[in-house]
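Text of the file protein02.pdb, holding PDB, C-alpha atoms:
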MODEL        1
ATOM      1  CA  MET A   1      62.796  16.946  -6.164
ATOM      2  CA  ALA A   2      60.074  16.874  -3.496
ATOM      3  CA  PRO A   3      58.099  13.656  -2.993
ATOM      4  CA  ALA A   4      54.960  13.509  -5.117
ATOM      5  CA  VAL A   5      51.475  13.663  -3.622
ATOM      6  CA  ARG A   6      49.344  10.849  -4.988
ATOM      7  CA  ILE A   7      46.009  12.091  -6.300
ATOM      8  CA  ASP A   8      43.511   9.576  -4.996
ATOM      9  CA  GLU A   9      40.085   9.787  -3.370
ATOM     10  CA  ALA A  10      41.534  10.486   0.056
ATOM     11  CA  ALA A  11      43.707  13.303  -1.274
ATOM     12  CA  LEU A  12      40.809  14.879  -3.141
ATOM     13  CA  ARG A  13      38.466  14.759  -0.152
ATOM     14  CA  ALA A  14      41.183  16.361   1.967
ATOM     15  CA  TRP A  15      41.502  19.135  -0.652
ATOM     16  CA  PRO A  16      37.865  20.147  -1.239
ATOM     17  CA  LEU A  17      36.876  22.395  -4.088
ATOM     18  CA  PRO A  18      35.522  25.877  -3.333
ATOM     19  CA  ARG A  19      31.818  25.635  -2.648
ATOM     20  CA  PRO A  20      29.410  28.350  -3.779
ATOM     21  CA  ASP A  21      27.345  30.164  -1.188
ATOM     22  CA  ALA A  22      24.048  28.456  -0.503
ATOM     23  CA  ASP A  23      22.237  31.597  -1.630
ATOM     24  CA  GLY A  24      24.686  32.400  -4.435
ATOM     25  CA  ASP A  25      23.735  32.715  -8.090
ATOM     26  CA  LYS A  26      25.593  31.973 -11.328
ATOM     27  CA  GLU A  27      27.837  34.994 -10.821
ATOM     28  CA  SER A  28      29.250  33.430  -7.661
ATOM     29  CA  ARG A  29      30.582  30.421  -9.615
ATOM     30  CA  GLY A  30      32.578  32.494 -12.064
ATOM     31  CA  ARG A  31      32.776  33.087 -15.792
ATOM     32  CA  VAL A  32      34.766  30.992 -18.252
ATOM     33  CA  LEU A  33      35.901  32.330 -21.614
ATOM     34  CA  VAL A  34      36.964  29.698 -24.154
ATOM     35  CA  ILE A  35      38.905  30.983 -27.164
ATOM     36  CA  GLY A  36      39.218  28.436 -29.947
ATOM     37  CA  GLY A  37      37.035  26.692 -32.466
ATOM     38  CA  SER A  38      38.380  27.470 -35.920
ATOM     39  CA  ARG A  39      36.091  26.802 -38.869
ATOM     40  CA  GLU A  40      37.383  23.211 -39.170
ATOM     41  CA  LEU A  41      37.615  22.495 -35.433
ATOM     42  CA  ALA A  42      34.574  24.187 -33.940
ATOM     43  CA  GLY A  43      33.658  21.083 -31.955
ATOM     44  CA  ALA A  44      36.721  21.467 -29.745
ATOM     45  CA  ALA A  45      35.389  24.721 -28.297
ATOM     46  CA  ILE A  46      31.960  23.158 -27.752
ATOM     47  CA  LEU A  47      33.466  20.198 -25.900
ATOM     48  CA  ALA A  48      35.599  22.453 -23.707
ATOM     49  CA  GLY A  49      32.736  24.827 -22.972
ATOM     50  CA  THR A  50      30.340  22.027 -22.101
ATOM     51  CA  ALA A  51      32.920  20.526 -19.750
ATOM     52  CA  ALA A  52      33.455  23.882 -18.028
ATOM     53  CA  LEU A  53      29.734  24.146 -17.281
ATOM     54  CA  ARG A  54      29.586  20.541 -16.086
ATOM     55  CA  ALA A  55      32.458  21.347 -13.707
ATOM     56  CA  GLY A  56      30.271  24.005 -12.133
ATOM     57  CA  ALA A  57      31.187  27.294 -13.804
ATOM     58  CA  GLY A  58      28.334  29.783 -13.595
ATOM     59  CA  LYS A  59      28.654  31.493 -16.995
ATOM     60  CA  LEU A  60      30.221  30.487 -20.291
ATOM     61  CA  MET A  61      31.502  32.701 -23.079
ATOM     62  CA  LEU A  62      32.909  31.295 -26.332
ATOM     63  CA  ALA A  63      35.005  33.194 -28.872
ATOM     64  CA  VAL A  64      35.194  31.177 -32.088
ATOM     65  CA  SER A  65      35.581  31.663 -35.820
ATOM     66  CA  SER A  66      32.891  33.960 -37.153
ATOM     67  CA  ALA A  67      32.276  31.354 -39.875
ATOM     68  CA  VAL A  68      30.953  28.854 -37.315
ATOM     69  CA  ALA A  69      29.667  31.141 -34.537
ATOM     70  CA  PRO A  70      25.949  30.811 -35.381
ATOM     71  CA  TRP A  71      26.161  27.012 -35.449
ATOM     72  CA  VAL A  72      28.150  26.946 -32.196
ATOM     73  CA  GLY A  73      25.523  29.109 -30.534
ATOM     74  CA  GLN A  74      22.780  26.729 -31.614
ATOM     75  CA  SER A  75      24.765  23.708 -30.445
ATOM     76  CA  LEU A  76      25.509  25.189 -27.025
ATOM     77  CA  PRO A  77      22.619  27.484 -26.102
ATOM     78  CA  GLU A  78      23.965  28.012 -22.578
ATOM     79  CA  ALA A  79      26.879  30.054 -23.956
ATOM     80  CA  ARG A  80      27.350  33.604 -25.125
ATOM     81  CA  VAL A  81      29.089  33.193 -28.490
ATOM     82  CA  THR A  82      31.239  35.819 -30.202
ATOM     83  CA  GLY A  83      32.571  35.415 -33.733
ATOM     84  CA  LEU A  84      36.212  36.311 -34.385
ATOM     85  CA  ASP A  85      37.687  37.364 -37.713
ATOM     86  CA  GLU A  86      40.443  35.157 -39.117
ATOM     87  CA  ALA A  87      43.612  35.767 -41.083
ATOM     88  CA  ALA A  88      44.267  33.862 -44.306
ATOM     89  CA  ASP A  89      45.861  30.953 -42.416
ATOM     90  CA  GLY A  90      42.973  30.699 -39.956
ATOM     91  CA  ALA A  91      44.655  32.569 -37.086
ATOM     92  CA  PHE A  92      42.330  34.750 -35.036
ATOM     93  CA  VAL A  93      42.312  38.544 -35.125
ATOM     94  CA  PHE A  94      42.132  40.295 -31.748
ATOM     95  CA  ASP A  95      39.529  43.048 -31.461
ATOM     96  CA  GLU A  96      37.801  45.241 -28.877
ATOM     97  CA  ARG A  97      34.893  42.821 -28.468
ATOM     98  CA  LEU A  98      37.285  40.098 -27.350
ATOM     99  CA  ALA A  99      39.103  42.520 -25.033
ATOM    100  CA  ALA A 100      35.789  43.186 -23.281
ATOM    101  CA  LEU A 101      35.181  39.459 -22.797
ATOM    102  CA  VAL A 102      38.683  38.937 -21.404
ATOM    103  CA  ASP A 103      38.021  41.605 -18.781
ATOM    104  CA  LYS A 104      34.943  39.701 -17.582
ATOM    105  CA  ALA A 105      36.507  36.223 -17.364
ATOM    106  CA  ASP A 106      37.487  34.544 -14.113
ATOM    107  CA  ALA A 107      39.103  31.728 -16.095
ATOM    108  CA  LEU A 108      40.335  31.960 -19.658
ATOM    109  CA  LEU A 109      40.925  28.789 -21.702
ATOM    110  CA  VAL A 110      42.808  29.358 -24.942
ATOM    111  CA  GLY A 111      43.651  26.790 -27.585
ATOM    112  CA  PRO A 112      40.944  24.168 -28.203
ATOM    113  CA  GLY A 113      40.492  24.005 -31.955
ATOM    114  CA  MET A 114      42.707  26.973 -32.827
ATOM    115  CA  ALA A 115      44.358  27.025 -36.253
ATOM    116  CA  GLY A 116      47.116  28.954 -37.998
ATOM    117  CA  ASP A 117      50.002  30.955 -36.549
ATOM    118  CA  ASN A 118      48.529  32.714 -33.523
ATOM    119  CA  ALA A 119      51.763  34.188 -32.116
ATOM    120  CA  SER A 120      50.706  37.797 -32.712
ATOM    121  CA  PHE A 121      47.183  37.101 -31.487
ATOM    122  CA  MET A 122      48.497  35.508 -28.276
ATOM    123  CA  ALA A 123      50.880  38.394 -27.581
ATOM    124  CA  THR A 124      48.034  40.885 -27.834
ATOM    125  CA  LEU A 125      45.702  38.682 -25.823
ATOM    126  CA  LEU A 126      48.191  38.264 -22.978
ATOM    127  CA  SER A 127      48.681  42.014 -22.779
ATOM    128  CA  HIS A 128      44.974  42.270 -21.883
ATOM    129  CA  VAL A 129      44.889  39.482 -19.279
ATOM    130  CA  VAL A 130      45.144  41.075 -15.841
ATOM    131  CA  ASP A 131      43.175  38.883 -13.428
ATOM    132  CA  GLY A 132      41.839  35.360 -13.465
ATOM    133  CA  THR A 133      43.381  32.024 -14.301
ATOM    134  CA  LEU A 134      44.811  31.410 -17.753
ATOM    135  CA  VAL A 135      44.681  27.837 -19.104
ATOM    136  CA  LEU A 136      46.702  27.244 -22.271
ATOM    137  CA  ASP A 137      45.966  24.159 -24.350
ATOM    138  CA  ALA A 138      47.086  22.833 -27.738
ATOM    139  CA  GLY A 139      48.641  25.457 -30.035
ATOM    140  CA  ALA A 140      48.209  28.262 -27.510
ATOM    141  CA  MET A 141      50.898  26.686 -25.330
ATOM    142  CA  ASP A 142      53.589  28.180 -27.578
ATOM    143  CA  ALA A 143      52.921  31.430 -25.687
ATOM    144  CA  VAL A 144      53.986  29.952 -22.334
ATOM    145  CA  PRO A 145      57.371  31.765 -22.250
ATOM    146  CA  GLN A 146      55.366  35.001 -21.944
ATOM    147  CA  CYS A 147      53.361  33.763 -18.959
ATOM    148  CA  ALA A 148      55.873  33.733 -16.096
ATOM    149  CA  GLY A 149      54.400  35.331 -13.006
ATOM    150  CA  ARG A 150      50.830  34.940 -14.194
ATOM    151  CA  ARG A 151      48.186  32.656 -12.704
ATOM    152  CA  CYS A 152      48.702  30.214 -15.566
ATOM    153  CA  LEU A 153      48.415  26.501 -16.288
ATOM    154  CA  ILE A 154      49.451  24.468 -19.343
ATOM    155  CA  THR A 155      48.213  21.001 -20.281
ATOM    156  CA  PRO A 156      50.718  19.314 -22.644
ATOM    157  CA  HIS A 157      51.065  15.655 -23.526
ATOM    158  CA  ALA A 158      54.575  14.287 -24.042
ATOM    159  CA  GLY A 159      54.762  15.323 -27.696
ATOM    160  CA  GLU A 160      53.682  18.885 -26.974
ATOM    161  CA  MET A 161      56.116  19.103 -24.067
ATOM    162  CA  ALA A 162      58.915  17.903 -26.329
ATOM    163  CA  HIS A 163      58.064  20.760 -28.691
ATOM    164  CA  LEU A 164      58.029  23.338 -25.897
ATOM    165  CA  LEU A 165      61.328  22.181 -24.398
ATOM    166  CA  ARG A 166      63.004  21.373 -27.727
ATOM    167  CA  ALA A 167      63.630  17.925 -26.253
ATOM    168  CA  ASP A 168      63.257  14.316 -27.288
ATOM    169  CA  LYS A 169      59.821  12.854 -26.634
ATOM    170  CA  SER A 170      61.240   9.552 -25.373
ATOM    171  CA  SER A 171      63.258  11.331 -22.662
ATOM    172  CA  ILE A 172      60.086  13.033 -21.421
ATOM    173  CA  GLU A 173      58.208   9.752 -21.338
ATOM    174  CA  ARG A 174      61.020   8.152 -19.339
ATOM    175  CA  ASP A 175      60.825  10.741 -16.544
ATOM    176  CA  PRO A 176      57.592  12.750 -16.708
ATOM    177  CA  ALA A 177      57.827  13.843 -13.072
ATOM    178  CA  ARG A 178      61.242  15.469 -13.469
ATOM    179  CA  THR A 179      60.143  17.007 -16.770
ATOM    180  CA  ALA A 180      57.016  18.542 -15.231
ATOM    181  CA  VAL A 181      58.945  19.998 -12.289
ATOM    182  CA  ASP A 182      61.684  21.412 -14.502
ATOM    183  CA  ALA A 183      59.186  22.911 -16.965
ATOM    184  CA  ALA A 184      57.108  24.494 -14.182
ATOM    185  CA  ARG A 185      60.203  26.170 -12.762
ATOM    186  CA  ARG A 186      61.491  27.221 -16.170
ATOM    187  CA  PHE A 187      58.250  28.806 -17.361
ATOM    188  CA  GLY A 188      56.899  29.939 -13.979
ATOM    189  CA  VAL A 189      53.522  28.220 -14.497
ATOM    190  CA  VAL A 190      51.652  25.148 -13.310
ATOM    191  CA  VAL A 191      52.267  22.206 -15.639
ATOM    192  CA  ALA A 192      49.915  19.254 -16.058
ATOM    193  CA  LEU A 193      51.929  16.787 -18.148
ATOM    194  CA  LYS A 194      49.340  14.311 -19.417
ATOM    195  CA  GLY A 195      49.914  10.592 -19.832
ATOM    196  CA  PRO A 196      49.253   7.200 -18.204
ATOM    197  CA  LEU A 197      50.989   8.828 -15.225
ATOM    198  CA  THR A 198      49.936  12.468 -15.227
ATOM    199  CA  CYS A 199      52.351  14.740 -13.368
ATOM    200  CA  ILE A 200      51.316  18.163 -12.097
ATOM    201  CA  ALA A 201      53.988  20.569 -10.875
ATOM    202  CA  ASP A 202      54.056  24.182  -9.759
ATOM    203  CA  PRO A 203      56.899  26.721  -9.958
ATOM    204  CA  GLN A 204      57.786  26.083  -6.294
ATOM    205  CA  GLY A 205      58.671  22.462  -7.070
ATOM    206  CA  ARG A 206      55.599  20.821  -5.578
ATOM    207  CA  LEU A 207      54.494  17.688  -7.431
ATOM    208  CA  TRP A 208      51.270  15.728  -7.692
ATOM    209  CA  GLN A 209      50.769  12.504  -9.626
ATOM    210  CA  HIS A 210      47.691  10.717 -10.923
ATOM    211  CA  GLU A 211      47.691   7.228 -12.357
ATOM    212  CA  GLY A 212      44.535   5.904 -13.921
ATOM    213  CA  GLY A 213      42.103   6.232 -16.758
ATOM    214  CA  ASN A 214      41.887   3.850 -19.691
ATOM    215  CA  ALA A 215      42.687   3.587 -23.372
ATOM    216  CA  GLY A 216      39.330   5.042 -24.388
ATOM    217  CA  LEU A 217      40.429   8.467 -23.163
ATOM    218  CA  GLY A 218      42.961   8.562 -25.992
ATOM    219  CA  SER A 219      40.483   9.799 -28.579
ATOM    220  CA  SER A 220      39.575  12.987 -30.419
ATOM    221  CA  GLY A 221      38.259  15.710 -28.149
ATOM    222  CA  SER A 222      39.218  14.102 -24.850
ATOM    223  CA  GLY A 223      41.921  16.690 -24.151
ATOM    224  CA  ASP A 224      39.482  19.507 -24.908
ATOM    225  CA  VAL A 225      37.136  18.101 -22.273
ATOM    226  CA  LEU A 226      39.934  17.915 -19.708
ATOM    227  CA  ALA A 227      40.976  21.514 -20.385
ATOM    228  CA  GLY A 228      37.362  22.617 -20.050
ATOM    229  CA  VAL A 229      36.910  20.865 -16.709
ATOM    230  CA  ILE A 230      40.071  22.520 -15.394
ATOM    231  CA  ALA A 231      38.906  25.951 -16.572
ATOM    232  CA  GLY A 232      35.489  25.440 -14.996
ATOM    233  CA  LEU A 233      37.028  24.534 -11.648
ATOM    234  CA  ALA A 234      39.360  27.529 -11.860
ATOM    235  CA  ALA A 235      36.418  29.840 -12.518
ATOM    236  CA  ARG A 236      34.860  28.594  -9.280
ATOM    237  CA  GLY A 237      37.965  29.750  -7.402
ATOM    238  CA  ALA A 238      40.226  26.699  -7.342
ATOM    239  CA  PRO A 239      43.923  27.639  -7.673
ATOM    240  CA  PRO A 240      45.607  26.280 -10.821
ATOM    241  CA  GLU A 241      47.272  23.300  -9.148
ATOM    242  CA  GLN A 242      44.019  22.227  -7.474
ATOM    243  CA  ALA A 243      41.991  22.735 -10.651
ATOM    244  CA  ALA A 244      44.513  20.566 -12.508
ATOM    245  CA  ALA A 245      44.561  17.804  -9.881
ATOM    246  CA  TRP A 246      40.791  17.605  -9.602
ATOM    247  CA  GLY A 247      40.335  17.992 -13.361
ATOM    248  CA  VAL A 248      42.681  15.120 -14.159
ATOM    249  CA  ALA A 249      41.045  12.881 -11.548
ATOM    250  CA  LEU A 250      37.494  13.682 -12.669
ATOM    251  CA  HIS A 251      38.395  13.191 -16.342
ATOM    252  CA  ALA A 252      39.963   9.780 -15.659
ATOM    253  CA  ARG A 253      37.074   8.629 -13.496
ATOM    254  CA  ALA A 254      34.555   9.775 -16.112
ATOM    255  CA  GLY A 255      36.382   7.572 -18.609
ATOM    256  CA  ASP A 256      36.285   4.649 -16.191
ATOM    257  CA  ARG A 257      32.523   5.026 -15.750
ATOM    258  CA  LEU A 258      31.923   5.069 -19.477
ATOM    259  CA  ALA A 259      34.244   2.103 -19.985
ATOM    260  CA  ARG A 260      32.165   0.063 -17.569
ATOM    261  CA  LEU A 261      28.977   1.039 -19.372
ATOM    262  CA  THR A 262      30.013   0.813 -23.021
ATOM    263  CA  GLY A 263      33.424  -0.848 -23.171
ATOM    264  CA  GLU A 264      36.944   0.492 -22.872
ATOM    265  CA  ILE A 265      37.136   1.589 -26.519
ATOM    266  CA  GLY A 266      34.498   3.482 -28.435
ATOM    267  CA  TYR A 267      32.892   5.923 -26.034
ATOM    268  CA  LEU A 268      32.988   9.542 -27.188
ATOM    269  CA  ALA A 269      34.601  12.620 -25.707
ATOM    270  CA  ARG A 270      31.226  14.361 -25.783
ATOM    271  CA  GLU A 271      29.961  11.761 -23.285
ATOM    272  CA  LEU A 272      32.600  12.548 -20.661
ATOM    273  CA  PRO A 273      31.224  15.878 -19.348
ATOM    274  CA  GLY A 274      27.921  14.308 -18.361
ATOM    275  CA  GLU A 275      29.709  12.142 -15.807
ATOM    276  CA  ILE A 276      31.438  15.040 -14.062
ATOM    277  CA  PRO A 277      28.703  16.424 -11.742
ATOM    278  CA  ALA A 278      27.973  13.068 -10.060
ATOM    279  CA  LEU A 279      31.689  12.384  -9.639
ATOM    280  CA  MET A 280      32.241  15.784  -8.004
ATOM    281  CA  SER A 281      29.370  15.088  -5.636
ATOM    282  CA  PHE A 282      30.755  11.640  -4.758
ATOM    283  CA  LEU A 283      34.246  12.986  -4.057
ATOM    284  CA  SER A 284      33.117  16.035  -2.088
TER     285      SER A 284
ENDMDL
END

Hey, can you dump this file as structure tokens for me?
Amino acid sequence: MAPAVRIDEAALRAWPLPRPDADGDKESRGRVLVIGGSRELAGAAILAGTAALRAGAGKLMLAVSSAVAPWVGQSLPEARVTGLDEAADGAFVFDERLAALVDKADALLVGPGMAGDNASFMATLLSHVVDGTLVLDAGAMDAVPQCAGRRCLITPHAGEMAHLLRADKSSIERDPARTAVDAARRFGVVVALKGPLTCIADPQGRLWQHEGGNAGLGSSGSGDVLAGVIAGLAARGAPPEQAAAWGVALHARAGDRLARLTGEIGYLARELPGEIPALMSFLS
């Protein structure tokens, strides 16, 4: 296994994010499509979409349950919101409107707040994804075996990785670096294995590690924010491994800022995206 690159301020400054043209408009910073937000978990899509915009994406499209689409649109007026039909178990139904949105997306984030058995939905969705970066989060990660060769990134924590690998969670926690490298090679995607030590690996065996953050990040919606930041950076043109490295670092540092202001426990996931722009500026 290759030595890991430590993700710190020096490493980030030596690996700058793509910068938009000085005279560029919102089109030059890319479009993010977030698919998620079931009727009981609509907030997850809002958190992810907000984070994508805070990370610098130029346009945001959300595809959520038709039952909550009007409310989501009111809560996030910067987004174009499309309502999706649902099966009896809450799984989404793919349609031509969604296919048109997929064609327009530079980065596609699937999973925040999804419900039900979406295996059929994911198979159809992946058949329509040609270009752009695909970020799979939460329940959408079950589709990762179909993603080899694509520009794809997954964001599991140890429990989700144990499910994907049919392995014991404790073994993953004992050696997250080896697990991330092995999973990236097995699935042919970039893996960001989240934890106190977050390990990012690509299919070529390269490894990056980030240690930091605080206990307050372990709260509802925090992972949705991280996935949204990564998708926003990818829409701007960052390759998956760079989007993951910067996303993890920005997410952790946003938590550190809020911990200093409000205490280590009790700040909200919705407060994290607001810290991202200043952190990107500081690290650039």

Show me a table, sorted first by chain and then by increasing residue number, of the residues of segment 140-202 of chain A having an atom at most 12 Å from segment 222-231 of chain A, each with its shortest atom pair and the distance in Å to one decimal, counting only C-alpha atoms and written as JSON lines.
{"residue": "A:Cys152", "atom": "CA", "partner": "A:Ala231", "partner_atom": "CA", "distance": 10.7}
{"residue": "A:Leu153", "atom": "CA", "partner": "A:Ile230", "partner_atom": "CA", "distance": 9.3}
{"residue": "A:Ile154", "atom": "CA", "partner": "A:Ala227", "partner_atom": "CA", "distance": 9.0}
{"residue": "A:Thr155", "atom": "CA", "partner": "A:Ala227", "partner_atom": "CA", "distance": 7.3}
{"residue": "A:Pro156", "atom": "CA", "partner": "A:Gly223", "partner_atom": "CA", "distance": 9.3}
{"residue": "A:His157", "atom": "CA", "partner": "A:Gly223", "partner_atom": "CA", "distance": 9.2}
{"residue": "A:Ala192", "atom": "CA", "partner": "A:Ala227", "partner_atom": "CA", "distance": 10.2}
{"residue": "A:Leu193", "atom": "CA", "partner": "A:Gly223", "partner_atom": "CA", "distance": 11.7}
{"residue": "A:Lys194", "atom": "CA", "partner": "A:Gly223", "partner_atom": "CA", "distance": 9.1}
{"residue": "A:Gly195", "atom": "CA", "partner": "A:Gly223", "partner_atom": "CA", "distance": 10.9}

task = Might you spell out which residues the PyMOL selection byres ((chain A and resi 204) around 9) would select in the displayed file, as a VMD selection string?
result = chain A and resid 181 184 to 185 188 201 to 203 205 to 206

Selection under test: the PyMOL selection byres ((chain A and resi 136) around 8); residues as a PyMOL selection string = chain A and resi 109-111+134-135+137-138+140-141+144+152-155

inquiry  = I want to know what sits within 8 Å of Ala249 of chain A, based on only C-alpha atoms, with residues of the same chain fewer than 5 positions away left out; could you give that as a PyMOL selection string?
reply    = chain A and resi 7-8+210

request  = To one decimal in Å, tell me the separation between atom CA of Gly90 of chain A and atom CA of Leu125 of chain A.
outcome  =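 Computing it gives 16.5 Å between the two atoms.
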
message = For a quick check of understanding, using all atoms listed in the file, which of A:Leu62, A:Ala177, A:Ala48, A:Ala143 has the smallest distance to Leu164 of chain A?
response =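 Result for the nearest residue to Leu164 of chain A: A:Ala143.
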
query = Quick one: which residues end up in the PyMOL selection byres ((chain A and resi 88) around 12) for this structure, as a PyMOL selection string?
reply = chain A and resi 85-87+89-93+115-118

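From atom CA of Pro112 of chain A back to atom CA of Ala158 of chain A, the distance works out to 17.3 Å.
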
Test item: write segment 134-173 of chain A with C-alpha atoms as an mmCIF file, in the first residue's frame:
data_model
loop_
_atom_site.group_PDB
_atom_site.id
_atom_site.type_symbol
_atom_site.label_atom_id
_atom_site.label_comp_id
_atom_site.auth_asym_id
_atom_site.auth_seq_id
_atom_site.Cartn_x
_atom_site.Cartn_y
_atom_site.Cartn_z
ATOM 1 C CA LEU A 134 -21.352 10.833 -9.680
ATOM 2 C CA VAL A 135 -21.389 11.059 -5.865
ATOM 3 C CA LEU A 136 -23.234 8.235 -4.108
ATOM 4 C CA ASP A 137 -24.286 8.717 -0.497
ATOM 5 C CA ALA A 138 -26.401 6.774 2.002
ATOM 6 C CA GLY A 139 -28.723 4.178 0.436
ATOM 7 C CA ALA A 140 -27.606 4.975 -3.107
ATOM 8 C CA MET A 141 -24.219 3.410 -2.369
ATOM 9 C CA ASP A 142 -25.715 -0.058 -2.872
ATOM 10 C CA ALA A 143 -25.385 0.685 -6.604
ATOM 11 C CA VAL A 144 -21.586 1.002 -6.425
ATOM 12 C CA PRO A 145 -20.906 -2.406 -8.059
ATOM 13 C CA GLN A 146 -22.432 -0.927 -11.232
ATOM 14 C CA CYS A 147 -20.131 2.101 -11.218
ATOM 15 C CA ALA A 148 -16.725 0.689 -12.173
ATOM 16 C CA GLY A 149 -15.086 2.825 -14.824
ATOM 17 C CA ARG A 150 -17.269 5.832 -14.115
ATOM 18 C CA ARG A 151 -16.153 9.130 -12.598
ATOM 19 C CA CYS A 152 -17.656 8.092 -9.269
ATOM 20 C CA LEU A 153 -17.153 8.690 -5.557
ATOM 21 C CA ILE A 154 -18.773 7.040 -2.525
ATOM 22 C CA THR A 155 -18.881 8.419 1.015
ATOM 23 C CA PRO A 156 -19.487 5.570 3.509
ATOM 24 C CA HIS A 157 -18.916 5.517 7.245
ATOM 25 C CA ALA A 158 -17.657 2.279 8.793
ATOM 26 C CA GLY A 159 -21.124 0.762 9.167
ATOM 27 C CA GLU A 160 -22.064 1.464 5.561
ATOM 28 C CA MET A 161 -18.730 0.100 4.358
ATOM 29 C CA ALA A 162 -19.304 -3.064 6.369
ATOM 30 C CA HIS A 163 -22.620 -3.470 4.550
ATOM 31 C CA LEU A 164 -21.051 -2.923 1.131
ATOM 32 C CA LEU A 165 -18.180 -5.340 1.743
ATOM 33 C CA ARG A 166 -20.217 -7.862 3.751
ATOM 34 C CA ALA A 167 -17.560 -7.444 6.437
ATOM 35 C CA ASP A 168 -17.397 -6.883 10.165
ATOM 36 C CA LYS A 169 -17.568 -3.241 11.203
ATOM 37 C CA SER A 170 -14.862 -3.654 13.851
ATOM 38 C CA SER A 171 -12.366 -4.930 11.257
ATOM 39 C CA ILE A 172 -12.983 -1.825 9.140
ATOM 40 C CA GLU A 173 -12.491 0.455 12.118
#
